[in-house]
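Engineer: work.tsv (TSV, C-alpha atoms) pasted underneath:
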chain	number	residue	atom	x	y	z
A	1	MET	CA	205.99	-4.44	96.40
A	2	ASN	CA	207.31	-3.26	93.09
A	3	LYS	CA	204.79	-0.97	91.36
A	4	LEU	CA	205.38	-2.85	88.07
A	5	GLU	CA	204.27	-6.15	89.58
A	6	PRO	CA	200.52	-6.66	89.77
A	7	PRO	CA	199.25	-7.06	93.32
A	8	THR	CA	198.39	-10.55	94.45
A	9	ILE	CA	195.54	-11.21	96.88
A	10	LEU	CA	194.75	-14.42	98.72
A	11	LEU	CA	191.06	-14.69	99.58
A	12	VAL	CA	190.29	-17.13	102.41
A	13	GLU	CA	186.53	-17.60	102.16
A	14	ASP	CA	184.39	-20.73	102.41
A	15	ASP	CA	181.14	-19.38	100.91
A	16	PRO	CA	181.03	-19.81	97.09
A	17	GLY	CA	178.58	-16.90	96.71
A	18	ASP	CA	180.83	-14.54	98.64
A	19	GLN	CA	183.86	-15.82	96.71
A	20	LYS	CA	182.12	-14.87	93.47
A	21	LEU	CA	180.99	-11.43	94.73
A	22	ILE	CA	184.48	-10.61	95.94
A	23	ARG	CA	186.15	-11.91	92.76
A	24	VAL	CA	183.80	-9.92	90.51
A	25	SER	CA	184.21	-6.79	92.65
A	26	LEU	CA	188.02	-6.97	92.68
A	27	ASN	CA	188.22	-7.73	88.95
A	28	GLU	CA	185.88	-4.89	87.95
A	29	GLN	CA	187.88	-2.45	90.06
A	30	SER	CA	191.19	-3.78	88.67
A	31	VAL	CA	192.41	-4.25	92.23
A	32	ALA	CA	194.36	-7.46	91.74
A	33	ASN	CA	195.73	-9.07	88.66
A	34	GLU	CA	196.17	-12.26	90.63
A	35	LEU	CA	193.44	-13.41	92.97
A	36	HIS	CA	193.84	-16.80	94.59
A	37	ILE	CA	190.85	-18.24	96.42
A	38	VAL	CA	191.01	-20.92	99.10
A	39	SER	CA	188.10	-22.25	101.14
A	40	SER	CA	189.64	-22.80	104.57
A	41	GLY	CA	192.38	-21.80	106.96
A	42	GLU	CA	194.06	-25.16	106.41
A	43	GLU	CA	194.08	-24.67	102.64
A	44	ALA	CA	195.41	-21.13	103.07
A	45	LEU	CA	198.36	-22.46	105.09
A	46	ASP	CA	199.00	-25.07	102.39
A	47	PHE	CA	198.98	-22.25	99.81
A	48	LEU	CA	201.37	-20.08	101.84
A	49	TYR	CA	203.74	-22.95	102.64
A	50	GLN	CA	203.41	-24.54	99.16
A	51	ARG	CA	202.16	-27.87	100.48
A	52	GLY	CA	199.71	-30.44	99.11
A	53	LYS	CA	198.11	-29.35	95.85
A	54	TYR	CA	200.21	-26.16	95.99
A	55	CYS	CA	203.57	-28.01	96.14
A	56	ASN	CA	204.48	-26.86	92.62
A	57	GLY	CA	204.76	-23.31	93.89
A	58	THR	CA	202.67	-20.27	94.65
A	59	CYS	CA	203.51	-16.62	94.92
A	60	ARG	CA	203.50	-14.82	98.24
A	61	PRO	CA	200.36	-12.64	98.41
A	62	ASP	CA	200.63	-8.91	98.95
A	63	LEU	CA	197.37	-8.97	100.92
A	64	ILE	CA	195.12	-11.58	102.52
A	65	LEU	CA	191.35	-11.10	102.76
A	66	LEU	CA	190.10	-13.38	105.52
A	67	ASP	CA	186.64	-14.51	106.58
A	68	LEU	CA	186.38	-15.21	110.31
A	69	ASN	CA	183.66	-17.83	110.34
A	70	MET	CA	184.71	-20.95	108.47
A	71	PRO	CA	184.43	-24.64	109.28
A	72	GLY	CA	187.60	-26.34	110.48
A	73	MET	CA	190.31	-23.80	111.14
A	74	GLY	CA	188.46	-20.52	111.52
A	75	GLY	CA	189.79	-17.11	110.65
A	76	LYS	CA	190.99	-16.32	114.18
A	77	GLU	CA	193.10	-19.46	114.41
A	78	PHE	CA	194.52	-18.86	110.92
A	79	LEU	CA	195.32	-15.26	111.82
A	80	THR	CA	197.02	-16.38	115.04
A	81	ARG	CA	199.17	-18.88	113.16
A	82	ILE	CA	200.40	-16.55	110.45
A	83	LYS	CA	201.03	-13.62	112.79
A	84	ASN	CA	203.15	-15.95	114.95
A	85	ALA	CA	205.11	-17.22	111.93
A	86	GLU	CA	208.26	-15.20	111.32
A	87	ASP	CA	208.08	-15.77	107.56
A	88	LEU	CA	204.40	-14.75	107.21
A	89	LYS	CA	203.66	-12.14	109.86
A	90	ARG	CA	204.34	-9.12	107.64
A	91	ILE	CA	201.60	-9.99	105.13
A	92	PRO	CA	198.70	-7.59	105.77
A	93	VAL	CA	195.48	-9.39	106.65
A	94	ILE	CA	192.12	-7.69	106.27
A	95	ILE	CA	189.21	-9.35	108.01
A	96	LEU	CA	186.26	-9.40	105.60
A	97	THR	CA	183.35	-10.96	107.44
A	98	THR	CA	179.64	-10.77	108.18
A	99	SER	CA	180.26	-10.22	111.89
A	100	ASP	CA	180.04	-6.73	113.32
A	101	SER	CA	180.50	-8.01	116.86
A	102	GLU	CA	182.63	-5.65	118.95
A	103	GLN	CA	184.27	-8.72	120.51
A	104	ASP	CA	185.26	-10.06	117.06
A	105	ILE	CA	186.63	-6.66	116.04
A	106	ILE	CA	188.72	-6.27	119.20
A	107	HIS	CA	189.93	-9.87	119.08
A	108	SER	CA	190.96	-9.52	115.42
A	109	TYR	CA	193.01	-6.39	116.09
A	110	ASN	CA	194.53	-8.04	119.17
A	111	LEU	CA	195.67	-10.81	116.80
A	112	PHE	CA	197.31	-8.13	114.60
A	113	ALA	CA	194.76	-7.91	111.79
A	114	SER	CA	195.59	-4.98	109.54
A	115	GLY	CA	191.94	-4.03	109.14
A	116	TYR	CA	188.38	-5.15	109.73
A	117	VAL	CA	185.60	-4.76	107.16
A	118	LYS	CA	182.02	-5.96	107.49
A	119	LYS	CA	180.94	-7.64	104.27
A	120	PRO	CA	178.59	-5.44	102.28
A	121	GLY	CA	175.14	-6.75	101.49
A	122	ASP	CA	175.13	-6.30	97.70
A	123	LEU	CA	177.34	-6.16	94.63
A	124	VAL	CA	177.33	-2.35	94.39
A	125	GLN	CA	178.67	-2.03	97.94
A	126	PHE	CA	181.15	-4.89	97.40
A	127	LYS	CA	182.55	-2.98	94.42
A	128	LYS	CA	182.88	0.17	96.53
A	129	VAL	CA	184.71	-1.73	99.27
A	130	ALA	CA	186.98	-3.45	96.70
A	131	LYS	CA	187.90	-0.09	95.20
A	132	GLU	CA	188.70	1.40	98.61
A	133	ILE	CA	190.77	-1.63	99.66
A	134	GLY	CA	192.73	-1.43	96.42
A	135	GLU	CA	193.34	2.29	96.66
A	136	TYR	CA	194.43	2.10	100.29
A	137	TRP	CA	196.63	-1.01	100.17
A	138	PHE	CA	198.14	-0.69	96.70
A	139	GLU	CA	198.28	3.07	96.08
A	140	ILE	CA	198.48	4.85	99.44
A	141	CYS	CA	200.31	2.33	101.64
A	142	LYS	CA	203.93	1.41	101.19
A	143	LEU	CA	204.23	-2.37	101.40
A	144	PRO	CA	207.45	-4.31	101.90
A	145	ALA	CA	209.05	-6.03	98.93
A	146	ARG	CA	207.65	-9.44	98.12
A	147	GLU	CA	209.45	-12.36	99.65
A	148	GLU	CA	209.48	-15.28	97.22
Show how you would write the structure in this file as structure tokens.
Structural biologist:
Amino acid sequence: MNKLEPPTILLVEDDPGDQKLIRVSLNEQSVANELHIVSSGEEALDFLYQRGKYCNGTCRPDLILLDLNMPGMGGKEFLTRIKNAEDLKRIPVIILTTSDSEQDIIHSYNLFASGYVKKPGDLVQFKKVAKEIGEYWFEICKLPAREE
């Protein structure tokens, strides 16, 4: 990713309340200039492959924040699909979920998640997590150049 380009995050989250908390937290921490929110794994694939309502084009995200527990295609199935797709597998995916199940954590890393974060319980903690995600992924880590 070019340092002059603002980072782009795709949030895959079905809960409107969590969508809002995450959006507010990321915006207040200036983590992403572009935050795209989709409500399901199916919609996320449409976004990434520019299908359906996204057929006019989308940008490739620098990072995906993924909830595990969603109706329809859940986070694990979505993660499996993109990590098996040659054109998508290099996008870092952070699991951001309410589950702190050891089984979910292990399974997520076995599916090549880049990280696993339990959702904080309040806005103050969400802001702290957003700041730390931004610092780690967009300041400390070296990410590959965007593929458009």
Engineer: Show me as number ranges by chain the residues that reach within 12 Å of (205.8, -16.8, 96.1), counting only C-alpha atoms and using the file's own coordinates.
Structural biologist: A: 8-10, 34, 47-50, 54-62, 87-88, 145-148
Engineer: Calculate, to one decimal in Å, the centre and edge lengths of the box along x, y and z of the file that holds all listed atoms of range 34-49 of chain A with 6 Å of margin on each side, and present them as AutoDock Vina command-line options.
Structural biologist:
--center_x 195.9 --center_y -18.7 --center_z 98.8 --size_x 27.6 --size_y 24.9 --size_z 28.3
Engineer: Show me, as a Markdown table, the residues of range 32-98 of chain A having an atom within 12 Å of range 104-115 of chain A, each with the closest atom pair and its distance in Å, using only C-alpha atoms.
Structural biologist:
| residue | atom | partner | partner_atom | distance |
| --- | --- | --- | --- | --- |
| A:Leu63 | CA | A:Ser114 | CA | 9.7 |
| A:Ile64 | CA | A:Ser114 | CA | 9.6 |
| A:Leu65 | CA | A:Gly115 | CA | 9.5 |
| A:Leu66 | CA | A:Ala113 | CA | 9.5 |
| A:Asp67 | CA | A:Ser108 | CA | 11.0 |
| A:Leu68 | CA | A:Asp104 | CA | 8.6 |
| A:Asn69 | CA | A:Asp104 | CA | 10.4 |
| A:Gly74 | CA | A:Ser108 | CA | 11.9 |
| A:Gly75 | CA | A:Ser108 | CA | 9.0 |
| A:Lys76 | CA | A:Ser108 | CA | 6.9 |
| A:Glu77 | CA | A:Leu111 | CA | 9.3 |
| A:Phe78 | CA | A:Leu111 | CA | 10.0 |
| A:Leu79 | CA | A:Leu111 | CA | 6.7 |
| A:Thr80 | CA | A:Leu111 | CA | 6.0 |
| A:Arg81 | CA | A:Leu111 | CA | 9.5 |
| A:Ile82 | CA | A:Leu111 | CA | 9.8 |
| A:Lys83 | CA | A:Phe112 | CA | 6.9 |
| A:Asn84 | CA | A:Leu111 | CA | 9.3 |
| A:Lys89 | CA | A:Phe112 | CA | 8.9 |
| A:Arg90 | CA | A:Ser114 | CA | 9.9 |
| A:Ile91 | CA | A:Ser114 | CA | 9.0 |
| A:Pro92 | CA | A:Ser114 | CA | 5.5 |
| A:Val93 | CA | A:Ser114 | CA | 5.3 |
| A:Ile94 | CA | A:Gly115 | CA | 4.7 |
| A:Ile95 | CA | A:Gly115 | CA | 6.1 |
| A:Leu96 | CA | A:Gly115 | CA | 8.6 |
| A:Thr97 | CA | A:Asp104 | CA | 9.8 |
| A:Thr98 | CA | A:Asp104 | CA | 10.5 |
Engineer: Tell me, in Å to one decimal, how far CA of Leu11 in chain A is from CA of Ser39 in chain A.
Structural biologist: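 We find that CA of Leu11 in chain A and CA of Ser39 in chain A lie 8.3 Å from each other.
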Engineer: Which of these, A:Ala85, A:Val117, A:Leu143, A:Leu35, has the shortest distance to Val129 in chain A once you count all atoms listed in the file?
Structural biologist: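 Answer, going by the shortest atom-to-atom distance: A:Val117.
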Engineer: Would you mind reading off the distance between CA of Lys20 in chain A and CA of Ser99 in chain A, one decimal, in Å?
Structural biologist: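 These two atoms are separated by 19.1 Å.
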Engineer: Let me make sure I understand: among A:Asp14, A:Glu86, A:Glu132, A:Asp122, which one has the smallest atom-to-atom distance to Glu42 in chain A if we use only C-alpha atoms?
Structural biologist: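 Result for the nearest residue to Glu42 in chain A: A:Asp14.
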Engineer: Please measure the separation of CA of Val24 in chain A and CA of Gly72 in chain A, giving the value in Å to one decimal.
Structural biologist: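 Here the two named atoms are 26.1 Å from each other.
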